[in-house]
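Shown next: target-v6.cif, containing mmCIF, C-alpha atoms and all ligand atoms.
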data_target
#
loop_
_atom_site.label_atom_id
_atom_site.label_comp_id
_atom_site.auth_asym_id
_atom_site.auth_seq_id
_atom_site.Cartn_x
_atom_site.Cartn_y
_atom_site.Cartn_z
CA MET A 1115 0.00 0.00 0.00
CA SER A 1116 1.27 3.51 0.64
CA THR A 1117 4.94 3.97 1.32
CA THR A 1118 6.43 6.56 3.62
CA THR A 1119 7.58 10.01 2.52
CA GLU A 1120 11.20 9.09 3.25
CA SER A 1121 11.35 6.46 0.50
CA ARG A 1122 10.12 8.87 -2.16
CA ALA A 1123 12.30 11.00 -4.39
CA LEU A 1124 12.30 14.45 -2.85
CA ARG A 1125 10.83 17.18 -5.00
CA LYS A 1126 10.86 20.94 -4.58
CA ILE A 1127 7.51 22.46 -5.41
CA ILE A 1128 6.58 26.14 -5.24
CA HIS A 1129 2.98 27.32 -5.36
CA ILE A 1130 2.60 30.96 -6.28
CA ASP A 1131 -0.65 32.87 -5.80
CA ALA A 1132 -0.99 36.58 -6.58
CA ASP A 1133 -2.65 38.64 -3.84
CA SER A 1134 -6.19 39.87 -4.60
CA PHE A 1135 -5.10 39.66 -8.21
CA TYR A 1136 -7.68 41.59 -10.27
CA ALA A 1137 -8.02 44.24 -7.54
CA SER A 1138 -4.25 44.65 -7.20
CA VAL A 1139 -3.86 45.14 -10.95
CA GLU A 1140 -6.61 47.78 -10.94
CA ILE A 1141 -5.05 49.59 -7.98
CA ARG A 1142 -1.68 49.53 -9.70
CA GLU A 1143 -3.30 51.14 -12.75
CA ASN A 1144 -4.99 53.75 -10.56
CA PRO A 1145 -2.88 54.33 -7.42
CA SER A 1146 -5.42 56.78 -5.98
CA LEU A 1147 -7.42 53.64 -5.02
CA ALA A 1148 -4.59 52.29 -2.89
CA ASP A 1149 -5.95 53.07 0.57
CA LYS A 1150 -9.62 52.58 -0.34
CA ALA A 1151 -11.83 49.51 -0.18
CA VAL A 1152 -11.98 48.24 -3.77
CA ALA A 1153 -13.98 45.48 -5.43
CA VAL A 1154 -13.68 44.26 -8.99
CA GLY A 1155 -16.98 43.00 -10.34
CA GLY A 1156 -20.47 43.82 -11.47
CA SER A 1157 -22.39 46.86 -10.41
CA PRO A 1158 -24.57 46.60 -7.26
CA ASN A 1159 -27.66 47.94 -9.01
CA LYS A 1160 -27.44 45.43 -11.85
CA ARG A 1161 -27.43 42.24 -9.77
CA GLY A 1162 -23.66 42.03 -10.25
CA VAL A 1163 -21.27 39.71 -8.39
CA ILE A 1164 -17.83 40.43 -6.98
CA ALA A 1165 -14.87 38.68 -8.65
CA THR A 1166 -12.45 39.79 -5.97
CA CYS A 1167 -11.69 42.67 -3.63
CA ASN A 1168 -8.64 44.11 -1.93
CA TYR A 1169 -7.73 43.40 1.67
CA ASN A 1170 -9.19 46.76 2.84
CA ALA A 1171 -12.59 45.55 1.62
CA ARG A 1172 -12.13 42.08 3.14
CA LYS A 1173 -11.98 43.66 6.61
CA PHE A 1174 -15.68 44.42 6.18
CA GLY A 1175 -16.54 40.83 5.28
CA VAL A 1176 -16.65 41.43 1.52
CA HIS A 1177 -15.44 38.44 -0.50
CA SER A 1178 -15.34 36.79 -3.96
CA ALA A 1179 -18.64 35.51 -5.39
CA MET A 1180 -20.69 37.73 -3.04
CA SER A 1181 -23.43 39.79 -4.66
CA SER A 1182 -22.28 43.37 -5.18
CA ALA A 1183 -25.46 44.61 -3.48
CA ARG A 1184 -24.65 42.64 -0.31
CA ALA A 1185 -21.04 43.88 -0.43
CA LEU A 1186 -22.26 47.47 -0.54
CA GLN A 1187 -24.41 46.84 2.55
CA LEU A 1188 -21.38 45.54 4.44
CA CYS A 1189 -19.05 48.26 3.20
CA PRO A 1190 -20.98 51.39 2.08
CA HIS A 1191 -17.86 53.21 0.83
CA LEU A 1192 -16.78 50.26 -1.36
CA ILE A 1193 -15.52 51.34 -4.80
CA PHE A 1194 -16.57 49.10 -7.69
CA VAL A 1195 -14.33 48.64 -10.71
CA LYS A 1196 -15.38 46.87 -13.90
CA PRO A 1197 -13.15 43.88 -14.73
CA ARG A 1198 -10.68 44.10 -17.64
CA PHE A 1199 -9.83 40.48 -18.40
CA GLU A 1200 -7.51 41.26 -21.30
CA LEU A 1201 -5.32 43.30 -18.97
CA TYR A 1202 -5.23 40.52 -16.35
CA ARG A 1203 -4.25 38.00 -19.03
CA THR A 1204 -1.35 40.20 -20.13
CA VAL A 1205 -0.11 40.63 -16.56
CA SER A 1206 -0.50 36.90 -15.99
CA HIS A 1207 1.82 36.19 -18.94
CA GLN A 1208 4.35 38.65 -17.55
CA ILE A 1209 4.32 36.80 -14.22
CA GLN A 1210 4.79 33.49 -16.03
CA ASP A 1211 7.74 34.93 -17.95
CA ILE A 1212 9.43 35.42 -14.58
CA PHE A 1213 8.73 31.76 -13.65
CA GLN A 1214 10.32 30.72 -16.95
CA GLU A 1215 13.61 32.24 -15.81
CA TYR A 1216 13.79 29.38 -13.29
CA THR A 1217 12.03 26.36 -14.77
CA ASP A 1218 9.84 25.18 -17.62
CA GLN A 1219 8.03 22.86 -15.22
CA ILE A 1220 5.09 25.22 -14.71
CA GLU A 1221 1.45 24.26 -14.21
CA PRO A 1222 -0.82 27.31 -14.28
CA LEU A 1223 -4.06 26.79 -12.36
CA SER A 1224 -5.63 30.12 -13.23
CA LEU A 1225 -4.46 33.57 -14.28
CA ASP A 1226 -2.87 34.25 -10.91
CA GLU A 1227 -1.87 30.85 -9.60
CA ALA A 1228 0.68 28.22 -10.61
CA TYR A 1229 2.74 25.29 -9.41
CA LEU A 1230 6.44 25.22 -10.25
CA ASP A 1231 8.65 22.16 -9.94
CA VAL A 1232 12.13 23.53 -9.25
CA THR A 1233 13.73 20.21 -8.29
CA GLU A 1234 16.17 20.46 -11.20
CA CYS A 1235 16.72 24.22 -10.99
CA ARG A 1236 20.35 25.13 -10.34
CA GLN A 1237 19.86 28.85 -9.61
CA CYS A 1238 20.02 30.12 -6.01
CA GLN A 1239 22.21 27.10 -5.14
CA GLY A 1240 19.14 24.97 -5.85
CA SER A 1241 17.29 26.43 -2.84
CA ALA A 1242 13.56 26.49 -3.55
CA THR A 1243 13.11 29.00 -0.72
CA LEU A 1244 15.57 31.45 -2.29
CA ILE A 1245 14.02 30.90 -5.73
CA ALA A 1246 10.56 31.68 -4.32
CA GLU A 1247 11.91 34.84 -2.66
CA GLU A 1248 13.60 35.94 -5.88
CA ILE A 1249 10.41 35.40 -7.87
CA ARG A 1250 8.44 37.44 -5.35
CA GLN A 1251 11.00 40.21 -5.51
CA LYS A 1252 11.04 40.28 -9.33
CA VAL A 1253 7.24 40.43 -9.50
CA ARG A 1254 7.30 43.33 -7.03
CA GLU A 1255 10.05 45.26 -8.82
CA ARG A 1256 9.07 44.65 -12.43
CA LEU A 1257 5.28 44.48 -12.18
CA ASN A 1258 4.54 46.42 -9.01
CA LEU A 1259 2.38 43.59 -7.62
CA THR A 1260 2.72 41.17 -4.74
CA VAL A 1261 2.48 37.39 -4.87
CA SER A 1262 2.53 34.90 -2.01
CA ALA A 1263 4.51 31.68 -2.24
CA GLY A 1264 4.49 28.28 -0.59
CA VAL A 1265 7.46 25.93 -0.77
CA ALA A 1266 7.10 22.23 0.03
CA PRO A 1267 7.98 18.73 -1.19
CA ASN A 1268 4.60 18.35 -2.94
CA LYS A 1269 1.68 20.22 -4.49
CA PHE A 1270 -0.76 19.71 -1.61
CA LEU A 1271 1.54 21.24 1.00
CA ALA A 1272 2.89 23.98 -1.30
CA LYS A 1273 -0.66 25.23 -1.88
CA VAL A 1274 -1.49 25.18 1.80
CA ALA A 1275 1.79 27.02 2.48
CA SER A 1276 1.20 29.84 -0.03
CA ASP A 1277 -1.97 30.71 1.90
CA TRP A 1278 -0.24 30.57 5.29
CA ASN A 1279 1.27 34.08 5.32
CA LYS A 1280 -0.92 35.73 2.71
CA PRO A 1281 -0.82 38.52 1.52
CA ASP A 1282 2.77 39.21 0.39
CA GLY A 1283 4.03 36.21 2.32
CA LEU A 1284 6.22 33.15 2.06
CA TYR A 1285 5.94 29.93 4.01
CA VAL A 1286 8.18 26.91 3.73
CA VAL A 1287 7.38 23.34 4.76
CA ARG A 1288 10.72 21.56 4.76
CA PRO A 1289 10.69 17.78 4.20
CA GLN A 1290 11.73 17.16 7.81
CA ASP A 1291 8.84 19.35 9.05
CA VAL A 1292 6.07 17.63 7.06
CA GLY A 1293 5.02 15.28 9.90
CA ARG A 1294 4.74 18.08 12.46
CA PHE A 1295 3.07 20.44 9.99
CA VAL A 1296 0.29 18.10 8.89
CA PHE A 1297 -0.37 16.80 12.40
CA GLN A 1298 -1.91 20.11 13.50
CA LEU A 1299 -3.28 21.09 10.08
CA PRO A 1300 -7.08 21.62 10.13
CA VAL A 1301 -8.80 19.26 7.68
CA SER A 1302 -10.58 22.28 6.18
CA LYS A 1303 -7.21 23.21 4.61
CA ILE A 1304 -7.28 20.06 2.46
CA ASN A 1305 -8.19 20.89 -1.09
CA GLY A 1306 -11.44 19.02 -1.73
CA VAL A 1307 -12.68 19.11 1.86
CA GLY A 1308 -15.51 21.61 1.54
CA LYS A 1309 -18.01 22.71 4.16
CA VAL A 1310 -20.09 19.52 3.94
CA THR A 1311 -17.16 17.09 4.29
CA ALA A 1312 -15.61 19.22 7.05
CA ALA A 1313 -18.91 19.11 8.99
CA LYS A 1314 -19.15 15.34 8.52
CA MET A 1315 -15.58 14.98 9.77
CA GLU A 1316 -16.29 17.15 12.77
CA GLY A 1317 -19.20 14.84 13.59
CA LEU A 1318 -16.71 11.96 13.60
CA GLY A 1319 -14.31 13.88 15.85
CA ILE A 1320 -11.88 14.69 13.03
CA LEU A 1321 -10.62 18.27 13.17
CA THR A 1322 -6.99 17.98 12.10
CA CYS A 1323 -4.93 15.76 9.81
CA GLY A 1324 -3.51 14.28 13.02
CA ASP A 1325 -7.05 13.14 13.94
CA LEU A 1326 -7.37 11.64 10.44
CA GLN A 1327 -4.15 9.66 10.81
CA VAL A 1328 -5.78 7.45 13.45
CA TRP A 1329 -8.21 6.14 10.85
CA THR A 1330 -7.44 3.01 8.84
CA LEU A 1331 -7.61 3.07 5.08
CA ALA A 1332 -10.59 0.70 5.19
CA ASP A 1333 -12.54 2.93 7.59
CA LEU A 1334 -11.82 6.04 5.53
CA ALA A 1335 -13.01 4.26 2.38
CA LEU A 1336 -16.14 3.17 4.22
CA ASN A 1337 -16.95 6.74 5.27
CA PHE A 1338 -15.62 8.78 2.33
CA GLY A 1339 -15.75 6.35 -0.61
CA SER A 1340 -13.18 6.77 -3.35
CA TYR A 1341 -11.85 9.94 -1.63
CA GLY A 1342 -10.79 7.79 1.36
CA GLU A 1343 -7.40 6.73 0.00
CA ARG A 1344 -6.50 10.27 -0.99
CA LEU A 1345 -7.44 11.48 2.50
CA TYR A 1346 -5.31 8.73 4.01
CA ASN A 1347 -2.27 9.97 2.06
CA LEU A 1348 -2.88 13.71 2.41
CA ALA A 1349 -3.30 13.35 6.18
CA ARG A 1350 0.29 12.06 6.16
CA GLY A 1351 1.51 14.83 3.86
CA ILE A 1352 1.84 12.45 0.90
CA ASP A 1353 0.90 13.72 -2.55
CA ASP A 1354 2.64 12.30 -5.62
CA ARG A 1355 0.80 14.31 -8.27
CA PRO A 1356 3.35 15.65 -10.75
CA VAL A 1357 3.42 19.27 -11.86
CA LYS A 1358 1.70 18.99 -15.23
CA THR A 1359 2.99 21.26 -17.93
CA ASP A 1360 1.25 21.90 -21.24
CA ARG A 1361 4.54 21.50 -23.02
CA ILE A 1362 5.12 18.14 -24.70
CA ARG A 1363 8.55 16.77 -23.93
CA LYS A 1364 10.63 15.34 -26.73
CA SER A 1365 13.48 14.14 -24.56
CA LEU A 1366 14.72 13.89 -21.02
CA SER A 1367 18.38 13.98 -20.07
CA THR A 1368 20.69 14.48 -17.20
CA GLU A 1369 24.35 15.38 -17.19
CA HIS A 1370 27.14 16.13 -14.80
CA THR A 1371 30.29 18.23 -15.09
CA TYR A 1372 33.15 16.97 -12.95
CA ASP A 1373 35.47 19.18 -10.93
CA LYS A 1374 38.36 16.92 -11.95
CA ASP A 1375 38.51 15.44 -15.46
CA LEU A 1376 37.86 11.69 -15.71
CA ALA A 1377 41.13 10.23 -16.97
CA ASP A 1378 39.99 6.94 -18.50
CA PHE A 1379 37.03 4.67 -19.09
CA SER A 1380 37.21 3.03 -15.68
CA ALA A 1381 36.66 6.50 -14.13
CA ILE A 1382 33.64 6.94 -16.44
CA GLU A 1383 32.29 3.53 -15.41
CA GLU A 1384 32.52 4.61 -11.81
CA LYS A 1385 30.52 7.85 -12.35
CA ALA A 1386 27.90 6.49 -14.77
CA PRO A 1387 25.59 4.74 -12.25
CA ALA A 1388 24.77 8.02 -10.45
CA ILE A 1389 23.72 9.71 -13.71
CA PHE A 1390 21.73 6.62 -14.70
CA GLU A 1391 20.03 6.61 -11.31
CA GLU A 1392 19.00 10.26 -11.65
CA LEU A 1393 17.69 9.76 -15.18
CA THR A 1394 15.65 6.74 -14.09
CA GLN A 1395 14.20 8.68 -11.17
CA ARG A 1396 13.27 11.65 -13.33
CA TYR A 1397 11.64 9.42 -15.92
CA GLY A 1398 9.65 7.78 -13.12
CA ARG A 1399 7.85 11.07 -12.56
CA ILE A 1400 6.59 11.26 -16.16
CA SER A 1401 6.39 7.56 -17.08
CA ASP A 1402 2.59 7.63 -17.18
CA GLN A 1403 2.72 10.23 -19.96
CA TYR A 1404 5.65 9.14 -22.12
CA ARG A 1405 7.23 6.06 -23.67
CA VAL A 1406 10.97 5.89 -24.37
CA THR A 1407 11.91 5.40 -28.01
CA LYS A 1408 15.70 5.94 -27.94
CA ARG A 1409 18.53 6.19 -25.46
CA PHE A 1410 21.52 8.47 -25.92
CA VAL A 1411 24.75 9.52 -24.26
CA LYS A 1412 26.87 12.64 -24.37
CA VAL A 1413 30.58 12.87 -23.67
CA LYS A 1414 32.34 16.21 -23.45
CA PHE A 1415 36.13 15.97 -23.44
CA ALA A 1416 38.53 18.16 -21.48
CA ASP A 1417 39.22 20.22 -24.63
CA PHE A 1418 35.44 21.02 -24.81
CA THR A 1419 34.85 18.96 -27.96
CA GLN A 1420 31.86 16.72 -27.52
CA THR A 1421 30.20 13.73 -29.05
CA THR A 1422 26.80 12.11 -28.71
CA LEU A 1423 25.61 8.65 -29.63
CA GLU A 1424 22.10 7.29 -29.66
CA GLU A 1425 20.24 4.10 -30.44
CA ILE A 1426 16.67 3.01 -30.95
CA ILE A 1427 15.05 0.81 -28.33
CA PRO A 1428 14.23 -2.09 -30.65
CA SER A 1429 10.91 -3.02 -29.09
CA PRO A 1430 8.53 -1.03 -26.86
CA SER A 1431 8.36 -4.03 -24.55
CA GLU A 1432 12.12 -3.95 -23.96
CA PRO A 1433 13.03 -2.00 -20.82
CA TRP A 1434 15.25 0.97 -21.65
CA GLN A 1435 16.49 1.21 -18.06
CA SER A 1436 19.61 -0.82 -18.59
CA LEU A 1437 22.89 0.50 -17.21
CA PRO A 1438 24.98 -1.97 -19.28
CA ASP A 1439 23.36 -0.63 -22.48
CA PHE A 1440 24.14 2.97 -21.51
CA LEU A 1441 27.71 1.96 -20.61
CA ARG A 1442 28.14 0.23 -23.96
CA LEU A 1443 27.04 3.44 -25.74
CA MET A 1444 29.23 5.55 -23.46
CA LYS A 1445 32.26 3.37 -24.23
CA ALA A 1446 31.68 3.65 -27.98
CA ALA A 1447 31.29 7.42 -27.70
CA TRP A 1448 34.39 7.81 -25.50
CA GLU A 1449 36.53 5.66 -27.82
CA ARG A 1450 35.97 8.16 -30.62
CA GLN A 1451 38.68 10.27 -28.94
CA SER A 1452 39.81 8.34 -25.85
CA LYS A 1453 40.72 11.56 -24.04
CA PRO A 1454 40.03 12.85 -20.48
CA VAL A 1455 36.39 13.78 -19.96
CA ARG A 1456 34.86 16.82 -18.23
CA LEU A 1457 31.15 16.03 -18.65
CA LEU A 1458 28.97 12.95 -19.02
CA GLY A 1459 25.30 12.87 -19.94
CA MET A 1460 22.59 10.28 -20.45
CA GLY A 1461 19.18 10.78 -21.94
CA VAL A 1462 16.15 9.31 -23.63
CA ARG A 1463 13.97 10.42 -26.53
CA LEU A 1464 10.28 10.33 -25.69
CA LYS A 1465 6.96 9.67 -27.31
CA ASP A 1466 3.88 11.33 -25.83
CA LEU A 1467 1.41 8.56 -25.00
CA ASN A 1468 -1.54 10.94 -25.46
CA GLU A 1469 -0.51 11.97 -28.95
CA PRO A 1470 -3.07 10.72 -31.48
CA VAL A 1471 -1.70 8.09 -33.84
CA VAL A 1472 -1.75 9.35 -37.45
CA GLY A 1473 -4.70 7.88 -39.30
CA GLU A 1474 -6.55 7.22 -36.07
CA GLN A 1475 -8.61 10.42 -36.12
CA LEU A 1476 -12.17 9.92 -37.23
CA SER A 1477 -13.23 11.83 -40.25
CA LEU A 1478 -16.47 13.77 -40.20
CA PHE A 1479 -17.87 11.33 -42.71
CA ASP A 1480 -17.09 8.11 -40.84
P1 LIG B 1 -8.08 33.89 -5.93
O1 LIG B 1 -6.66 33.46 -6.07
O2 LIG B 1 -9.08 32.94 -5.35
O3 LIG B 1 -8.13 35.16 -5.01
P2 LIG B 1 -7.50 36.58 -5.11
O4 LIG B 1 -6.34 36.66 -6.05
O5 LIG B 1 -8.58 37.56 -5.42
O6 LIG B 1 -7.02 36.88 -3.65
P3 LIG B 1 -6.10 36.09 -2.63
O7 LIG B 1 -5.48 34.96 -3.37
O8 LIG B 1 -5.11 37.13 -2.18
O9 LIG B 1 -7.03 35.65 -1.54
O10 LIG B 1 -8.64 34.36 -7.33
C1 LIG B 1 -7.84 34.84 -8.36
C2 LIG B 1 -8.63 35.78 -9.26
O11 LIG B 1 -9.71 35.05 -9.86
C3 LIG B 1 -9.26 36.91 -8.51
O12 LIG B 1 -8.42 38.06 -8.43
C4 LIG B 1 -10.52 37.18 -9.27
C5 LIG B 1 -10.89 35.86 -9.90
N1 LIG B 1 -12.02 35.22 -9.20
C6 LIG B 1 -13.31 35.36 -9.72
O13 LIG B 1 -13.49 35.99 -10.76
N2 LIG B 1 -14.35 34.79 -9.04
C7 LIG B 1 -14.20 34.08 -7.88
O14 LIG B 1 -15.17 33.58 -7.29
C8 LIG B 1 -12.86 33.92 -7.35
C9 LIG B 1 -12.63 33.14 -6.09
C10 LIG B 1 -11.82 34.51 -8.04
#

Translate the structure described by the file into structure tokens.
Amino acid sequence: MSTTTESRALRKIIHIDADSFYASVEIRENPSLADKAVAVGGSPNKRGVIATCNYNARKFGVHSAMSSARALQLCPHLIFVKPRFELYRTVSHQIQDIFQEYTDQIEPLSLDEAYLDVTECRQCQGSATLIAEEIRQKVRERLNLTVSAGVAPNKFLAKVASDWNKPDGLYVVRPQDVGRFVFQLPVSKINGVGKVTAAKMEGLGILTCGDLQVWTLADLALNFGSYGERLYNLARGIDDRPVKTDRIRKSLSTEHTYDKDLADFSAIEEKAPAIFEELTQRYGRISDQYRVTKRFVKVKFADFTQTTLEEIIPSPSEPWQSLPDFLRLMKAAWERQSKPVRLLGMGVRLKDLNEPVVGEQLSLFD
């Protein structure tokens, strides 16, 4: 059944959420609104609804999806601004351009919210916390807006974390803190636990994820159906969902530059397993979306010349994860020059499993 967090490959996930997004953009465009209570949405006398409001308005109990008429009752000096979606889309792209400076593993959830997988990112010494801070700073300086960020080993906790110090905040759940963090986490913070489920849980004496942890998988399934297993995992801070990008990958590779050149093939043989291990692990995260069609290696010599060699995996049923096969390719590539080596790489070419097979589409006349 479920394994523990420790046995899983550690990921670094950042969840970014802009603060009162539409309202903040409008206030930026018209700074005279800055210290006022502002709502973006329909007009109160036309049965309009509020899309969002700034934090000044929230103090009065105004919130998203509330009727504008009700909002005006709660906050009589509330200023209404008509939404300008085109503008928000443009700003959203500008925010995403900043994310792109760090990773292409970006999953936008809406105009103002996205998950980033920065596990492979080498900037900021690979520190997801520093990356999140830099992103927040760049958004502030370049776009004059604030975003909140959550950093954690998975999507569930990163999203909870971005809300923790909102607005203009950062919260980090380090891998070693996951157990402590989830233990006291109210179940209402779990994405998917709405008012009804939360009330049902309260009736069963479940207020926190710690309370949930006492329940067996079977009992959770009995009470919450197909959601039971997910609850069982989330209560323990386990969430393996990958960050899903729109981009279709053509290949996946990993490489390493050595501080000291590798003098001969036996030195290469010694270093190869670690690269192979990393490649296998990274493929594991996307294996449900892609099939491997080819394997390849890259060898960069001390004089910066480089060579690559690749081969087709003869049959889809043949496992590509074979270290001896990669070593055989590596040896053939190295023997082209037989010189000291500064960098080794291994990779695979991919086929998107969701890609329609040519000729498979139905014609209108079928
Ligand atoms: P949210 O991220 O839910 O909220 P927010 O950005 O307004 O504020 P915060 O995250 O600081 O609490 O929504 C993002 C944008 O989506 C929001 O600015 C407006 C829009 N929106 C609607 O149009 N209708 C809604 O019901 C909600 C919740 C949001």

Discussion item. Could you check which residues have any atom within 8 Å of (22.1, 12.5, -10.8), counting all atoms listed in the file with coordinates taken straight from the file, and then list them as a ChimeraX atom specification?
Written reply: /A:1368-1370,1388-1393

Taking C-alpha atoms for each residue, export the selection above as a PDB file, keeping the file's coordinate frame.
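Full text of out_12.pdb as output:
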ATOM      1  CA  THR A1368      20.690  14.480 -17.200  1.00  0.00           C
ATOM      2  CA  GLU A1369      24.350  15.380 -17.190  1.00  0.00           C
ATOM      3  CA  HIS A1370      27.140  16.130 -14.800  1.00  0.00           C
ATOM      4  CA  ALA A1388      24.770   8.020 -10.450  1.00  0.00           C
ATOM      5  CA  ILE A1389      23.720   9.710 -13.710  1.00  0.00           C
ATOM      6  CA  PHE A1390      21.730   6.620 -14.700  1.00  0.00           C
ATOM      7  CA  GLU A1391      20.030   6.610 -11.310  1.00  0.00           C
ATOM      8  CA  GLU A1392      19.000  10.260 -11.650  1.00  0.00           C
ATOM      9  CA  LEU A1393      17.690   9.760 -15.180  1.00  0.00           C
TER      10      LEU A1393
END

Worksheet item: Given a cut-off of 6 Å, what residues near ligand LIG 1 (chain B) show up using all atoms listed in the file, put as an MDAnalysis selection string?
Response: chainID A and resid 1131:1136 1165:1166 1178:1179 1226 1281

Can you list every residue of stretch 1360-1417 of chain A that has an atom at most 9 Å from stretch 1422-1440 of chain A, with its nearest atom pair and the distance in Å to one decimal, using all atoms listed in the file, ordered by chain then number, as a Markdown table?
| residue | atom | partner | partner_atom | distance |
| --- | --- | --- | --- | --- |
| A:Ala1386 | CA | A:Leu1437 | CA | 8.2 |
| A:Pro1387 | CA | A:Leu1437 | CA | 7.1 |
| A:Phe1390 | CA | A:Leu1437 | CA | 6.7 |
| A:Glu1391 | CA | A:Leu1437 | CA | 9.0 |
| A:Thr1394 | CA | A:Gln1435 | CA | 6.9 |
| A:Arg1405 | CA | A:Pro1430 | CA | 7.9 |
| A:Val1406 | CA | A:Trp1434 | CA | 7.1 |
| A:Thr1407 | CA | A:Ile1427 | CA | 5.6 |
| A:Lys1408 | CA | A:Ile1426 | CA | 4.3 |
| A:Arg1409 | CA | A:Glu1424 | CA | 5.6 |
| A:Phe1410 | CA | A:Glu1424 | CA | 4.0 |
| A:Val1411 | CA | A:Leu1423 | CA | 5.5 |
| A:Lys1412 | CA | A:Thr1422 | CA | 4.4 |
| A:Val1413 | CA | A:Thr1422 | CA | 6.3 |
| A:Lys1414 | CA | A:Thr1422 | CA | 8.7 |

Can you tell me which residues surround stretch 1151-1162 of chain A at a distance of at most 6 Å, considering all atoms listed in the file, apart from same-chain residues fewer than 2 positions away, and format the answer as a PDB file with C-alpha atoms, keeping the file's coordinate frame?
ATOM      1  CA  ALA A1137      -8.020  44.240  -7.540  1.00  0.00           C
ATOM      2  CA  ILE A1164     -17.830  40.430  -6.980  1.00  0.00           C
ATOM      3  CA  ALA A1165     -14.870  38.680  -8.650  1.00  0.00           C
ATOM      4  CA  THR A1166     -12.450  39.790  -5.970  1.00  0.00           C
ATOM      5  CA  CYS A1167     -11.690  42.670  -3.630  1.00  0.00           C
ATOM      6  CA  ASN A1168      -8.640  44.110  -1.930  1.00  0.00           C
ATOM      7  CA  ASN A1170      -9.190  46.760   2.840  1.00  0.00           C
ATOM      8  CA  ALA A1171     -12.590  45.550   1.620  1.00  0.00           C
ATOM      9  CA  SER A1182     -22.280  43.370  -5.180  1.00  0.00           C
ATOM     10  CA  ALA A1183     -25.460  44.610  -3.480  1.00  0.00           C
ATOM     11  CA  LEU A1192     -16.780  50.260  -1.360  1.00  0.00           C
ATOM     12  CA  ILE A1193     -15.520  51.340  -4.800  1.00  0.00           C
ATOM     13  CA  PHE A1194     -16.570  49.100  -7.690  1.00  0.00           C
ATOM     14  CA  VAL A1195     -14.330  48.640 -10.710  1.00  0.00           C
ATOM     15  CA  LYS A1196     -15.380  46.870 -13.900  1.00  0.00           C
ATOM     16  CA  PRO A1197     -13.150  43.880 -14.730  1.00  0.00           C
TER      17      PRO A1197
END

Discussion item. Need to verify the contact set: stretch 1288-1292 of chain A, 7 Å, all atoms listed in the file, exclusion of same-chain residues closer than 6 positions in sequence. Can you return it as an NGL selection string?
Written reply: :A and (1266-1267 or 1351)

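What separates atom CA of A:Val1287 from atom CA of A:Ile1400 is a distance of 24.2 Å.
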
Worksheet item: Suppose you want the space between atom CA of A:Gln1210 and atom CA of A:Leu1464; what is it in Å?
Response: 25.7 Å

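Reported to one decimal place, the separation of atom CA of A:Arg1463 from atom CA of A:Glu1449 is 23.1 Å.
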
Discussion item. So that I can check the surroundings of A:Leu1331, please list as a PyMOL selection string every protein, DNA and RNA residue that reaches within 9 Å of it, counting only C-alpha atoms and ignoring chain neighbours fewer than 6 positions away.
Written reply: chain A and resi 1342-1343+1345-1346

Fill in: Residues near stretch 1240-1256 of chain A, cut-off 7 Å, all atoms listed in the file, skip fewer than 6 positions along chain, as an MDAnalysis selection string
chainID A and resid 1126 1128 1209 1212 1232 1263 1265 1286

For C-alpha atoms, I'd like the residues from the last selection saved as a compact mmCIF listing (two decimals), keeping the file's coordinate frame.
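Now in result.txt:
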# COMPACT_ATOMS: atom_id res chain seq x y z
CA LYS A 1126 10.86 20.94 -4.58
CA ILE A 1128 6.58 26.14 -5.24
CA ILE A 1209 4.32 36.80 -14.22
CA ILE A 1212 9.43 35.42 -14.58
CA VAL A 1232 12.13 23.53 -9.25
CA ALA A 1263 4.51 31.68 -2.24
CA VAL A 1265 7.46 25.93 -0.77
CA VAL A 1286 8.18 26.91 3.73

Contacts of stretch 1328-1439 of chain A with stretch 1308-1319 of chain A up to 12 Å, shortest pair per row, all atoms listed in the file, as CSV:
residue,atom,partner,partner_atom,distance
A:Val1328,CA,A:Gly1319,CA,10.9
A:Trp1329,CA,A:Leu1318,CA,10.7
A:Asp1333,CA,A:Leu1318,CA,11.6
A:Leu1334,CA,A:Met1315,CA,10.6
A:Asn1337,CA,A:Lys1314,CA,9.5
A:Phe1338,CA,A:Thr1311,CA,8.7
A:Gly1339,CA,A:Thr1311,CA,11.9
A:Tyr1341,CA,A:Thr1311,CA,10.7
A:Gly1342,CA,A:Thr1311,CA,11.6
A:Leu1345,CA,A:Thr1311,CA,11.4

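Of the residues under consideration (A:Ala1228, A:Val1357, A:Val1307, A:Leu1376), A:Ala1228 shows the shortest atom-to-atom contact distance to A:Ser1262 when counting only C-alpha atoms.
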